[in-house]
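Asker: Input: one structure, supplied below.
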There are 2 protein chains.
Amino acid sequence: MALLVQKYGGTSVGTVERIRHVAEKIRAARRAGNEVVVVVSAMAGETNRLVALAHEISEMPDDREKDVLLASGEQVSIALLSLALKEVGQPARSFLGHQVRIETDNAYGKARIRNIDSTKIVQSLQAGEVVVVAGFQGVDEDDNITTLGRGGSDTSAVALAAFLNAEACEIYTDVEGVFTTDPGICQNAKKLARISYDEMIELASSGAKVLEIRSVEFAKKFSVPVHVRSTFAEVEGTWLVKEDESMDDVLVSGVSYDKNEAKITLVRVPDRPGLAAQIFGPIADAHIVVDMIIQNASEDGTTDLTFTVSKTDHKKALSIVEQTLPALKAKGVRVDTDIAKVSVVGVGMRTHAGVAAKMFEVLAREGINIEMISTSEIKISVVIDAKYTELAVRVLHDAFIGKQGNV
Amino acid sequence: MALLVQKYGGTSVGTVERIRHVAEKIRAARRAGNEVVVVVSAMAGETNRLVALAHEISEMPDDREKDVLLASGEQVSIALLSLALKEVGQPARSFLGHQVRIETDNAYGKARIRNIDSTKIVQSLQAGEVVVVAGFQGVDEDDNITTLGRGGSDTSAVALAAFLNAEACEIYTDVEGVFTTDPGICQNAKKLARISYDEMIELASSGAKVLEIRSVEFAKKFSVPVHVRSTFAEVEGTWLVKEDESMDDVLVSGVSYDKNEAKITLVRVPDRPGLAAQIFGPIADAHIVVDMIIQNASEDGTTDLTFTVSKTDHKKALSIVEQTLPALKAKGVRVDTDIAKVSVVGVGMRTHAGVAAKMFEVLAREGINIEMISTSEIKISVVIDAKYTELAVRVLHDAFIGKQGNV
């Protein structure tokens with residue numbers, strides 16, 4: 001018997017009707033001869049309702065208590081899904097984070113899983129039950145409730161698959177898999193049959209929303225085969241797998257975009273060693289994540305320094321930068337929230353030159369100006385004027401992937 | 001420093017505004033020099049919402065999973081109250097049942113508390129924090145979530161007071177204390193300053209709703225002084241204490257009533273040994289609680305056997321009885337749902353004769369027929385036609401307690 005870990009998100013268990021549908025799917029997997037461990041999120045809307053309650057009481061809710069509050073959402077889902085499974089004749093048993101000791105560090109709100117005690121899960125599976133585990137939550141070594149942050153249930157599922165040595169981790173969601181780009185923007189977008197962990201990490205970090213990056217990192221670390229697929233359609237989705245040689249043949253696997261960043265430029269700062277540390281130290285202290293950083297020295301000994309942060313953080317980042325301006329002797333600071341980051345991702349770039357050149361040429365042909373460039377081994381990102389986002393995604397997708405896709 | 005355990009019910013924490021109010025009250029108790037452990041119920045309406053969800057999925061929800069579901073309600077309250085306490089500058093820390101190991105047996109839905117590990121509570125109090133514990137929930141020895149049944153948070157509070165050796169357990173509720181009878185029916189009803197555990201148990205079991213009977217039994221067993229008082233008015237409530245000699249002077253402490261019972265009569269059953277067992281065995285097997293039982297033998301060797309059950313159970317009880325009718329050779333069965341049980345309660349009855357006689361006389365004077373009578377050492381209950389309930393309560397209250405009350 002193969003062991004499957006299945007994860008169902010908030011939309012998939014958003015109503016009693018949908019919970020019943022999920023129960024049927026699980027029973028089918030069980031009857032097909034699999035052992036099944038299920039991870040569920042809170043019912044759609046529930047986490048937002050709880051966050052709103054917390055913020056009604058406190059502008060900056062205490063992290064420990066907020067985690068206690070939020071973890072209650074998954075508690076409701078596991079109980080309801082277990083009831084629904086029993087109702088269709090499938091023995092089931094729910095477990096909270098503390099009951100199977102999903103042990104994490106104590107970073108409330110963004111905890112990392114350290115260990116899972118599989119004893120009870122294995123016992124329950126041996127008793128013929130489907131095991132239903134609350135996603136998103138764990139406990140630290142002192143039994144405090146912790147939560148894993150956004151998309152945490154994906155990470156719970158992948159971690160369980162890793163610790164239980166499952167055959168696969170199936171992530172059920174409201175899309176059919178990972179696409180070469182957003183089908184809402186580009187009608188030629190194709191579902192990928194397979195994608196490597198590294199490519200998925202780059203796509204997730206450059207705007208693709210199908211999976212949270214931490215769950216993919218976890219899957220990569222423990223080589224967990226992840227199958228992203230639809231709760232509502234009975235079709236194969238996309239497999240996240242280890243990179244193999246055949247993948248090198250594909251130059252670009254996907255085109256992603258992110259409109260959620262803002263660009264901050266320090267104008268004509270006298271250039272000297274330690275400048276970057278002076279700027280980005282205080283920003284890091286404020287827990288603001290900086291994405292791209294570009295620095296260009298000019299002839300006169302000054303430099304323009306540009307970086308991007310998420311739009312939600314840009315006002316805070318700006319006020320921090322403004323405080324350092326006098327010390328830096330910069331001429332001024334500029335902010336632009338009307339930008340988009342467009343990225344092409346593919347492991348084939350490692351062995352094929354010319355992807356960047358082709359990307360710049362394709363954009364230039366449409367008259368789209370490139371404001372920033374950032375590259376990794378398997379990704380090229382450019383920042384452009386937000387109004388060209390859809391156009392850029394379409395022409396890049398056509399140029400690199402085409403109508404047939406690369407599936 | 002005195003240690004107080006305070007319990008706030010669902011109405012008291014029913015909205016964010018009320019949670020803030022409760023936080024202020026707790027802070028005041030803390031500033032008055034007390035250490036405070038708080039027990040809270042789920043926000044008003046939440047438990048009903050969760051029960052409805054369970055019943056949407058399953059007509060007979062599995063007990064274990066239902067407890068997992070229901071326990072989430074208190075998890076929300078402890079987190080929100082802890083946030084509210086921190087917001088008013090009072091350090092606080094929430095604990096779930098499993099975190100302070102409120103260990104129970106494994107009778108889901110009506111578990112009994114066996115032990116509480118006070119280690120973390122004491123540590124938290126020593127750190128100057130208010131300890132906020134989820135009421136109603138515990139874990140069995142295998143870490144399964146259990147709930148204590150209706151009014152379970154009262155029991156949690158009393159049990160914590162017992163295990164922590166608290167100076168008192170304050171039960172905050174939406175009434176000002178325990179009254180000599182329902183003030184909604186009798187304008188002479190007076191708040192009792194003190195009442196013995198035994199009297200409170202009899203009042204609770206005969207219709208008074210202020211406290212669940214199990215919490216009072218627990219308080220009696222461990223001699224926990226319980227103070228029932230209002231969340232919304234700053235006045236002394238009613239103390240539940242050990243019986244002392246002065247209490248004997250009071251003949252009747254309270255008059256209670258219960259309109260939630262139905263009467264079932266088996267007519268002219270041939271009387272023989274084992275008859276009662278034959279009838280009540282199957283009813284007990286169906287987990288139906290029988291309250292009063294009256295059997296009167298008649299001259300012809302048959303007997304009329306009458307008993308009362310809660311109205312919600314009476315149809316189930318009736319169908320069980322009907323199945324046994326042929327074997328019993330009874331003439332028939334009658335059901336009456338239009339009845340009320342009216343009771344007078346007082347430890348003084350132990351030493352004073354004539355309470356029953358006076359009670360019957362008072363009712364007779366008003367032309368109220370008595371259908372059943374049941375007595376304990378400190379209580380007399382009669383079943384009457386439901387339409388006379390309010391009248392009976394008023395005349396009995398006037399006769400035994402009077403306008404001055406016995407406070």
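Simple scheme: letters A, B, ... for chains in structure tokens order, numbers from 1 for residues in each chain, numbers from 1 for ligands in the order shown.
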Could you give me chain A least-squares fitted onto chain B (all C-alpha atoms, paired in order), as a compact mmCIF listing (two decimals) with C-alpha atoms, in the first residue's frame?
Answerer:
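File written: part-v8.txt
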```
# COMPACT_ATOMS: atom_id res chain seq x y z
CA MET A 1 -1.41 37.64 48.07
CA ALA A 2 -4.67 35.79 47.69
CA LEU A 3 -5.24 33.60 44.65
CA LEU A 4 -8.59 34.09 42.94
CA VAL A 5 -10.03 31.95 40.16
CA GLN A 6 -12.50 33.95 38.08
CA LYS A 7 -14.80 32.46 35.49
CA TYR A 8 -16.49 34.48 32.76
CA GLY A 9 -19.27 32.91 30.69
CA GLY A 10 -20.04 33.28 27.00
CA THR A 11 -22.24 36.35 27.44
CA SER A 12 -19.50 38.10 29.42
CA VAL A 13 -17.03 37.65 26.54
CA GLY A 14 -19.61 37.80 23.75
CA THR A 15 -18.21 40.87 22.00
CA VAL A 16 -14.88 42.66 21.73
CA GLU A 17 -16.33 45.45 23.87
CA ARG A 18 -17.29 43.01 26.62
CA ILE A 19 -13.91 41.29 26.46
CA ARG A 20 -12.34 44.70 27.11
CA HIS A 21 -14.68 45.21 30.06
CA VAL A 22 -13.68 41.83 31.49
CA ALA A 23 -10.00 42.71 31.04
CA GLU A 24 -10.56 45.86 33.10
CA LYS A 25 -12.25 43.88 35.86
CA ILE A 26 -9.40 41.38 35.96
CA ARG A 27 -6.82 44.14 36.08
CA ALA A 28 -8.69 45.72 38.98
CA ALA A 29 -8.63 42.43 40.89
CA ARG A 30 -4.91 42.13 40.15
CA ARG A 31 -4.23 45.68 41.33
CA ALA A 32 -6.21 45.02 44.49
CA GLY A 33 -3.40 42.62 45.34
CA ASN A 34 -4.71 39.28 44.12
CA GLU A 35 -3.15 36.67 41.88
CA VAL A 36 -5.73 35.83 39.24
CA VAL A 37 -6.44 32.73 37.18
CA VAL A 38 -9.23 33.30 34.68
CA VAL A 39 -11.39 30.66 33.02
CA VAL A 40 -13.44 31.65 29.97
CA SER A 41 -16.14 30.07 27.87
CA ALA A 42 -16.55 30.41 24.12
CA MET A 43 -18.01 33.71 22.92
CA ALA A 44 -21.82 33.64 23.14
CA GLY A 45 -23.28 31.92 20.07
CA GLU A 46 -20.02 30.31 18.98
CA THR A 47 -20.67 26.86 20.43
CA ASN A 48 -24.11 26.82 18.80
CA ARG A 49 -22.57 27.83 15.46
CA LEU A 50 -20.08 24.97 15.69
CA VAL A 51 -22.70 22.44 16.72
CA ALA A 52 -24.81 23.51 13.74
CA LEU A 53 -21.84 23.00 11.39
CA ALA A 54 -21.29 19.50 12.79
CA HIS A 55 -24.93 18.64 12.34
CA GLU A 56 -24.91 19.95 8.78
CA ILE A 57 -22.35 17.26 8.06
CA SER A 58 -23.58 14.46 10.25
CA GLU A 59 -26.86 13.66 11.98
CA MET A 60 -25.01 11.91 14.77
CA PRO A 61 -21.56 13.51 14.83
CA ASP A 62 -18.75 11.37 16.19
CA ASP A 63 -18.13 12.30 19.82
CA ARG A 64 -14.34 12.57 19.58
CA GLU A 65 -14.38 14.88 16.57
CA LYS A 66 -17.24 16.94 17.95
CA ASP A 67 -15.11 17.67 21.02
CA VAL A 68 -12.17 18.73 18.82
CA LEU A 69 -14.56 21.07 17.02
CA LEU A 70 -16.22 22.56 20.10
CA ALA A 71 -12.96 23.08 21.98
CA SER A 72 -11.91 25.61 19.34
CA GLY A 73 -14.45 28.10 20.72
CA GLU A 74 -12.65 28.53 24.03
CA GLN A 75 -9.33 28.74 22.21
CA VAL A 76 -10.54 31.92 20.51
CA SER A 77 -11.73 33.46 23.79
CA ILE A 78 -8.54 32.85 25.77
CA ALA A 79 -6.42 34.39 23.02
CA LEU A 80 -8.65 37.46 22.69
CA LEU A 81 -8.89 37.99 26.44
CA SER A 82 -5.10 37.67 26.82
CA LEU A 83 -4.66 40.24 24.05
CA ALA A 84 -7.12 42.56 25.78
CA LEU A 85 -5.28 42.18 29.10
CA LYS A 86 -1.95 43.04 27.51
CA GLU A 87 -3.66 45.99 25.86
CA VAL A 88 -4.58 47.42 29.28
CA GLY A 89 -1.03 46.84 30.48
CA GLN A 90 -1.64 43.61 32.36
CA PRO A 91 0.79 40.79 31.45
CA ALA A 92 -1.17 37.64 30.67
CA ARG A 93 -0.72 34.19 29.21
CA SER A 94 -3.30 31.82 27.78
CA PHE A 95 -3.36 28.07 28.30
CA LEU A 96 -5.34 25.39 26.54
CA GLY A 97 -6.55 22.27 28.31
CA HIS A 98 -3.58 20.22 27.10
CA GLN A 99 -1.03 22.86 28.05
CA VAL A 100 -1.86 22.73 31.75
CA ARG A 101 -2.93 19.11 31.41
CA ILE A 102 -6.50 19.32 32.58
CA GLU A 103 -6.66 15.56 32.48
CA THR A 104 -10.07 13.95 32.18
CA ASP A 105 -11.50 10.52 31.58
CA ASN A 106 -12.28 9.78 27.93
CA ALA A 107 -16.05 10.25 28.04
CA TYR A 108 -16.25 12.66 25.10
CA GLY A 109 -18.86 15.39 25.50
CA LYS A 110 -19.24 14.82 29.25
CA ALA A 111 -15.73 14.13 30.50
CA ARG A 112 -14.83 14.37 34.18
CA ILE A 113 -11.71 16.10 35.40
CA ARG A 114 -9.23 13.79 37.11
CA ASN A 115 -6.18 15.94 37.56
CA ILE A 116 -4.62 19.29 36.73
CA ASP A 117 -0.89 19.95 36.49
CA SER A 118 -0.39 23.32 38.13
CA THR A 119 3.33 23.72 37.25
CA LYS A 120 2.95 26.14 34.34
CA ILE A 121 0.16 28.07 36.02
CA VAL A 122 2.26 28.65 39.10
CA GLN A 123 5.27 29.69 36.99
CA SER A 124 3.15 32.14 35.07
CA LEU A 125 1.61 33.61 38.24
CA GLN A 126 5.08 33.98 39.74
CA ALA A 127 6.09 35.90 36.63
CA GLY A 128 3.34 38.39 37.47
CA GLU A 129 1.02 37.24 34.71
CA VAL A 130 -2.71 36.71 34.78
CA VAL A 131 -3.31 33.12 33.72
CA VAL A 132 -6.13 32.66 31.21
CA VAL A 133 -7.31 29.05 30.92
CA ALA A 134 -9.71 27.63 28.35
CA GLY A 135 -12.78 26.33 30.14
CA PHE A 136 -14.90 23.36 29.09
CA GLN A 137 -11.96 21.38 27.69
CA GLY A 138 -9.37 18.87 28.76
CA VAL A 139 -7.38 15.96 27.41
CA ASP A 140 -7.57 12.28 28.23
CA GLU A 141 -4.44 10.36 29.14
CA ASP A 142 -3.76 9.75 25.45
CA ASP A 143 -3.94 13.49 24.65
CA ASN A 144 -7.31 13.33 22.90
CA ILE A 145 -9.32 16.54 23.29
CA THR A 146 -12.33 16.13 25.58
CA THR A 147 -15.09 18.52 26.62
CA LEU A 148 -16.95 18.57 29.92
CA GLY A 149 -20.51 19.06 28.70
CA ARG A 150 -23.00 21.84 29.42
CA GLY A 151 -21.77 24.37 31.93
CA GLY A 152 -18.36 22.75 31.74
CA SER A 153 -16.48 26.01 32.18
CA ASP A 154 -17.97 26.36 35.67
CA THR A 155 -16.53 22.95 36.48
CA SER A 156 -13.15 23.92 34.98
CA ALA A 157 -13.06 26.99 37.21
CA VAL A 158 -14.03 25.16 40.38
CA ALA A 159 -11.56 22.36 39.62
CA LEU A 160 -8.75 24.86 39.06
CA ALA A 161 -9.64 26.58 42.33
CA ALA A 162 -9.51 23.21 44.08
CA PHE A 163 -6.19 22.07 42.57
CA LEU A 164 -4.58 25.50 43.06
CA ASN A 165 -5.98 25.83 46.56
CA ALA A 166 -7.44 29.23 45.63
CA GLU A 167 -9.02 31.49 48.19
CA ALA A 168 -12.22 31.60 46.15
CA CYS A 169 -13.75 30.79 42.80
CA GLU A 170 -15.72 33.71 41.40
CA ILE A 171 -18.33 32.78 38.80
CA TYR A 172 -19.17 35.90 36.80
CA THR A 173 -22.47 35.66 34.99
CA ASP A 174 -25.36 37.77 33.70
CA VAL A 175 -27.37 37.59 36.93
CA GLU A 176 -26.42 39.04 40.29
CA GLY A 177 -26.37 35.78 42.20
CA VAL A 178 -28.62 32.97 43.37
CA PHE A 179 -32.15 34.11 44.14
CA THR A 180 -34.77 32.63 46.43
CA THR A 181 -36.77 32.07 43.25
CA ASP A 182 -37.00 33.34 39.68
CA PRO A 183 -37.33 37.17 39.93
CA GLY A 184 -39.08 37.07 36.57
CA ILE A 185 -41.99 35.25 38.22
CA CYS A 186 -41.97 36.52 41.76
CA GLN A 187 -41.24 40.14 42.57
CA ASN A 188 -40.42 39.25 46.17
CA ALA A 189 -37.51 37.09 45.05
CA LYS A 190 -34.38 38.01 47.00
CA LYS A 191 -30.73 37.43 46.30
CA LEU A 192 -29.24 34.97 48.77
CA ALA A 193 -26.07 36.08 50.53
CA ARG A 194 -25.07 32.48 51.22
CA ILE A 195 -26.29 29.04 50.30
CA SER A 196 -24.96 25.60 51.17
CA TYR A 197 -23.55 23.31 48.49
CA ASP A 198 -26.31 20.77 49.07
CA GLU A 199 -29.05 23.32 48.67
CA MET A 200 -27.46 24.62 45.49
CA ILE A 201 -27.25 21.08 44.12
CA GLU A 202 -30.95 20.57 44.81
CA LEU A 203 -31.87 23.93 43.29
CA ALA A 204 -29.75 23.26 40.20
CA SER A 205 -31.28 19.83 39.73
CA SER A 206 -34.79 21.17 40.17
CA GLY A 207 -34.61 23.88 37.54
CA ALA A 208 -32.47 26.81 38.75
CA LYS A 209 -30.12 27.59 35.89
CA VAL A 210 -27.45 29.76 37.46
CA LEU A 211 -24.88 26.98 37.94
CA GLU A 212 -24.43 23.51 36.50
CA ILE A 213 -24.84 20.81 39.09
CA ARG A 214 -21.48 19.13 38.40
CA SER A 215 -19.52 22.23 39.23
CA VAL A 216 -21.37 22.50 42.56
CA GLU A 217 -20.69 18.86 43.34
CA PHE A 218 -17.02 19.50 42.62
CA ALA A 219 -17.04 22.58 44.85
CA LYS A 220 -18.65 20.58 47.65
CA LYS A 221 -16.19 17.70 47.33
CA PHE A 222 -13.19 20.03 47.63
CA SER A 223 -14.85 22.68 49.85
CA VAL A 224 -14.16 25.46 47.32
CA PRO A 225 -15.85 28.73 48.33
CA VAL A 226 -17.74 29.82 45.20
CA HIS A 227 -18.94 33.36 44.68
CA VAL A 228 -21.65 33.70 42.01
CA ARG A 229 -21.86 37.33 40.89
CA SER A 230 -22.60 39.69 38.03
CA THR A 231 -20.10 40.65 35.32
CA PHE A 232 -22.00 43.86 34.74
CA ALA A 233 -22.80 45.16 38.24
CA GLU A 234 -20.28 45.82 41.00
CA VAL A 235 -22.19 44.16 43.82
CA GLU A 236 -21.69 41.16 46.06
CA GLY A 237 -23.37 38.04 44.76
CA THR A 238 -24.10 34.74 46.45
CA TRP A 239 -21.52 32.62 48.27
CA LEU A 240 -21.72 28.84 48.03
CA VAL A 241 -20.27 27.55 51.26
CA LYS A 242 -20.20 24.58 53.58
CA GLU A 243 -23.36 24.18 55.59
CA ASP A 244 -23.15 25.65 59.07
CA GLU A 245 -25.54 25.58 62.02
CA SER A 246 -27.03 29.01 61.38
CA MET A 247 -28.44 27.71 58.11
CA ASP A 248 -30.77 25.32 59.96
CA ASP A 249 -32.77 28.32 61.11
CA VAL A 250 -33.93 28.89 57.59
CA LEU A 251 -36.65 26.44 56.65
CA VAL A 252 -36.67 27.04 52.92
CA SER A 253 -33.85 28.72 50.99
CA GLY A 254 -35.35 28.67 47.57
CA VAL A 255 -38.29 27.79 45.36
CA SER A 256 -37.42 26.43 41.93
CA TYR A 257 -39.38 25.14 38.96
CA ASP A 258 -38.75 23.12 35.84
CA LYS A 259 -41.07 23.06 32.83
CA ASN A 260 -38.78 20.84 30.81
CA GLU A 261 -40.11 17.48 31.91
CA ALA A 262 -42.72 15.15 30.55
CA LYS A 263 -44.67 12.52 32.48
CA ILE A 264 -45.20 8.97 31.26
CA THR A 265 -47.68 6.66 33.00
CA LEU A 266 -48.05 2.92 32.51
CA VAL A 267 -51.64 2.13 33.37
CA ARG A 268 -52.67 -0.93 35.39
CA VAL A 269 -49.59 -3.07 35.04
CA PRO A 270 -49.85 -6.46 36.78
CA ASP A 271 -47.56 -5.97 39.78
CA ARG A 272 -44.71 -8.40 40.30
CA PRO A 273 -41.06 -8.37 41.40
CA GLY A 274 -38.67 -7.11 38.75
CA LEU A 275 -41.27 -4.95 37.07
CA ALA A 276 -39.33 -1.67 37.52
CA ALA A 277 -36.11 -3.19 36.22
CA GLN A 278 -37.92 -4.48 33.15
CA ILE A 279 -39.14 -0.96 32.38
CA PHE A 280 -36.18 1.19 33.34
CA GLY A 281 -33.40 -1.10 32.11
CA PRO A 282 -33.99 -0.38 28.41
CA ILE A 283 -34.51 3.34 29.15
CA ALA A 284 -31.17 3.55 30.92
CA ASP A 285 -29.55 1.65 28.04
CA ALA A 286 -30.75 4.45 25.75
CA HIS A 287 -28.99 6.98 28.03
CA ILE A 288 -32.27 8.62 29.01
CA VAL A 289 -32.18 10.13 32.48
CA VAL A 290 -35.30 9.44 34.52
CA ASP A 291 -36.11 12.00 37.20
CA MET A 292 -39.09 11.10 39.39
CA ILE A 293 -40.60 7.63 39.67
CA ILE A 294 -43.88 6.89 41.45
CA GLN A 295 -45.48 3.50 41.81
CA ASN A 296 -48.81 2.87 43.53
CA ALA A 297 -50.12 -0.61 44.01
CA SER A 298 -53.89 -0.98 43.83
CA GLU A 299 -56.17 -3.61 45.37
CA ASP A 300 -56.55 -5.72 42.25
CA GLY A 301 -52.85 -6.65 41.99
CA THR A 302 -52.12 -4.09 39.28
CA THR A 303 -50.18 -0.90 39.64
CA ASP A 304 -49.93 2.49 37.94
CA LEU A 305 -46.32 3.41 37.34
CA THR A 306 -45.47 7.03 36.52
CA PHE A 307 -42.11 8.59 35.76
CA THR A 308 -40.73 11.83 34.34
CA VAL A 309 -38.04 12.41 31.74
CA SER A 310 -36.84 15.55 30.01
CA LYS A 311 -39.16 16.72 27.24
CA THR A 312 -36.46 16.22 24.61
CA ASP A 313 -36.24 12.53 25.54
CA HIS A 314 -39.91 11.76 26.01
CA LYS A 315 -40.65 10.46 22.50
CA LYS A 316 -37.70 8.10 22.62
CA ALA A 317 -38.72 6.95 26.12
CA LEU A 318 -42.29 6.44 24.98
CA SER A 319 -41.31 4.26 22.03
CA ILE A 320 -39.13 2.13 24.33
CA VAL A 321 -41.96 1.72 26.82
CA GLU A 322 -44.41 0.84 24.07
CA GLN A 323 -42.20 -2.02 22.98
CA THR A 324 -42.30 -3.52 26.49
CA LEU A 325 -46.08 -3.11 26.92
CA PRO A 326 -47.08 -6.58 25.63
CA ALA A 327 -44.53 -8.32 27.87
CA LEU A 328 -45.71 -6.26 30.83
CA LYS A 329 -49.38 -6.94 30.09
CA ALA A 330 -50.14 -3.29 30.90
CA LYS A 331 -53.48 -1.79 29.98
CA GLY A 332 -51.87 1.17 28.24
CA VAL A 333 -49.61 4.16 28.45
CA ARG A 334 -50.34 7.87 28.92
CA VAL A 335 -48.09 10.84 28.22
CA ASP A 336 -48.40 14.34 29.60
CA THR A 337 -46.00 17.07 28.44
CA ASP A 338 -48.02 19.83 30.02
CA ILE A 339 -46.55 19.56 33.48
CA ALA A 340 -44.19 21.47 35.73
CA LYS A 341 -42.10 20.41 38.67
CA VAL A 342 -42.06 22.90 41.55
CA SER A 343 -39.62 22.39 44.42
CA VAL A 344 -38.86 23.93 47.77
CA VAL A 345 -35.29 23.49 49.00
CA GLY A 346 -33.71 24.11 52.39
CA VAL A 347 -31.35 22.41 54.82
CA GLY A 348 -33.64 23.52 57.63
CA MET A 349 -36.03 20.75 56.60
CA ARG A 350 -33.68 18.25 58.18
CA THR A 351 -34.55 19.57 61.63
CA HIS A 352 -38.01 21.02 61.10
CA ALA A 353 -41.07 18.91 60.45
CA GLY A 354 -44.16 20.08 58.65
CA VAL A 355 -42.65 21.64 55.52
CA ALA A 356 -44.35 19.11 53.25
CA ALA A 357 -47.70 19.50 54.98
CA LYS A 358 -47.49 23.28 54.71
CA MET A 359 -46.51 23.05 51.03
CA PHE A 360 -49.50 20.81 50.19
CA GLU A 361 -51.84 23.07 52.14
CA VAL A 362 -50.63 26.23 50.38
CA LEU A 363 -51.17 24.62 46.97
CA ALA A 364 -54.54 23.17 47.92
CA ARG A 365 -55.70 26.62 49.02
CA GLU A 366 -55.18 27.78 45.41
CA GLY A 367 -56.92 24.70 44.01
CA ILE A 368 -53.72 23.36 42.50
CA ASN A 369 -53.80 19.58 42.17
CA ILE A 370 -50.61 17.65 42.98
CA GLU A 371 -49.92 14.88 40.46
CA MET A 372 -46.66 13.51 41.82
CA ILE A 373 -44.58 14.04 44.96
CA SER A 374 -40.91 13.34 45.47
CA THR A 375 -38.79 14.20 48.47
CA SER A 376 -35.18 14.26 49.53
CA GLU A 377 -33.71 15.16 52.87
CA ILE A 378 -33.64 18.86 51.98
CA LYS A 379 -36.13 19.14 49.12
CA ILE A 380 -39.77 18.54 48.30
CA SER A 381 -40.83 18.47 44.65
CA VAL A 382 -44.34 18.27 43.29
CA VAL A 383 -45.54 17.84 39.73
CA ILE A 384 -48.50 20.02 38.81
CA ASP A 385 -50.36 21.21 35.74
CA ALA A 386 -47.96 23.55 33.88
CA LYS A 387 -50.47 26.39 33.76
CA TYR A 388 -50.23 26.83 37.55
CA THR A 389 -46.40 27.08 37.60
CA GLU A 390 -46.08 30.81 38.23
CA LEU A 391 -48.92 30.87 40.71
CA ALA A 392 -47.47 27.95 42.65
CA VAL A 393 -43.99 29.51 42.76
CA ARG A 394 -45.42 32.80 44.04
CA VAL A 395 -47.61 31.38 46.77
CA LEU A 396 -44.90 28.99 47.96
CA HIS A 397 -42.34 31.78 48.01
CA ASP A 398 -44.70 34.02 49.98
CA ALA A 399 -45.54 31.25 52.42
CA PHE A 400 -42.01 30.05 53.12
CA ILE A 401 -39.76 32.99 52.41
CA GLY A 402 -42.00 36.04 52.42
CA LYS A 403 -41.39 39.59 51.42
CA GLN A 404 -38.29 40.08 53.53
CA GLY A 405 -36.56 37.05 52.13
CA ASN A 406 -34.18 35.10 54.31
CA VAL A 407 -30.94 36.79 53.51
```
Asker: Give me every strand (DSSP E) residue in region 176-320 of chain A, going by DSSP on the backbone, as a ChimeraX atom specification.
Answerer: /A:194-196,226-230,238-241,254-258,261-270,290-297,302-310
Asker: Enumerate, as a PyMOL selection string, the complete set of residues in region 280-377 of chain A that a backbone-based DSSP assignment places in alpha helix (DSSP H).
Answerer: chain A and resi 280-285+314-328+355-365
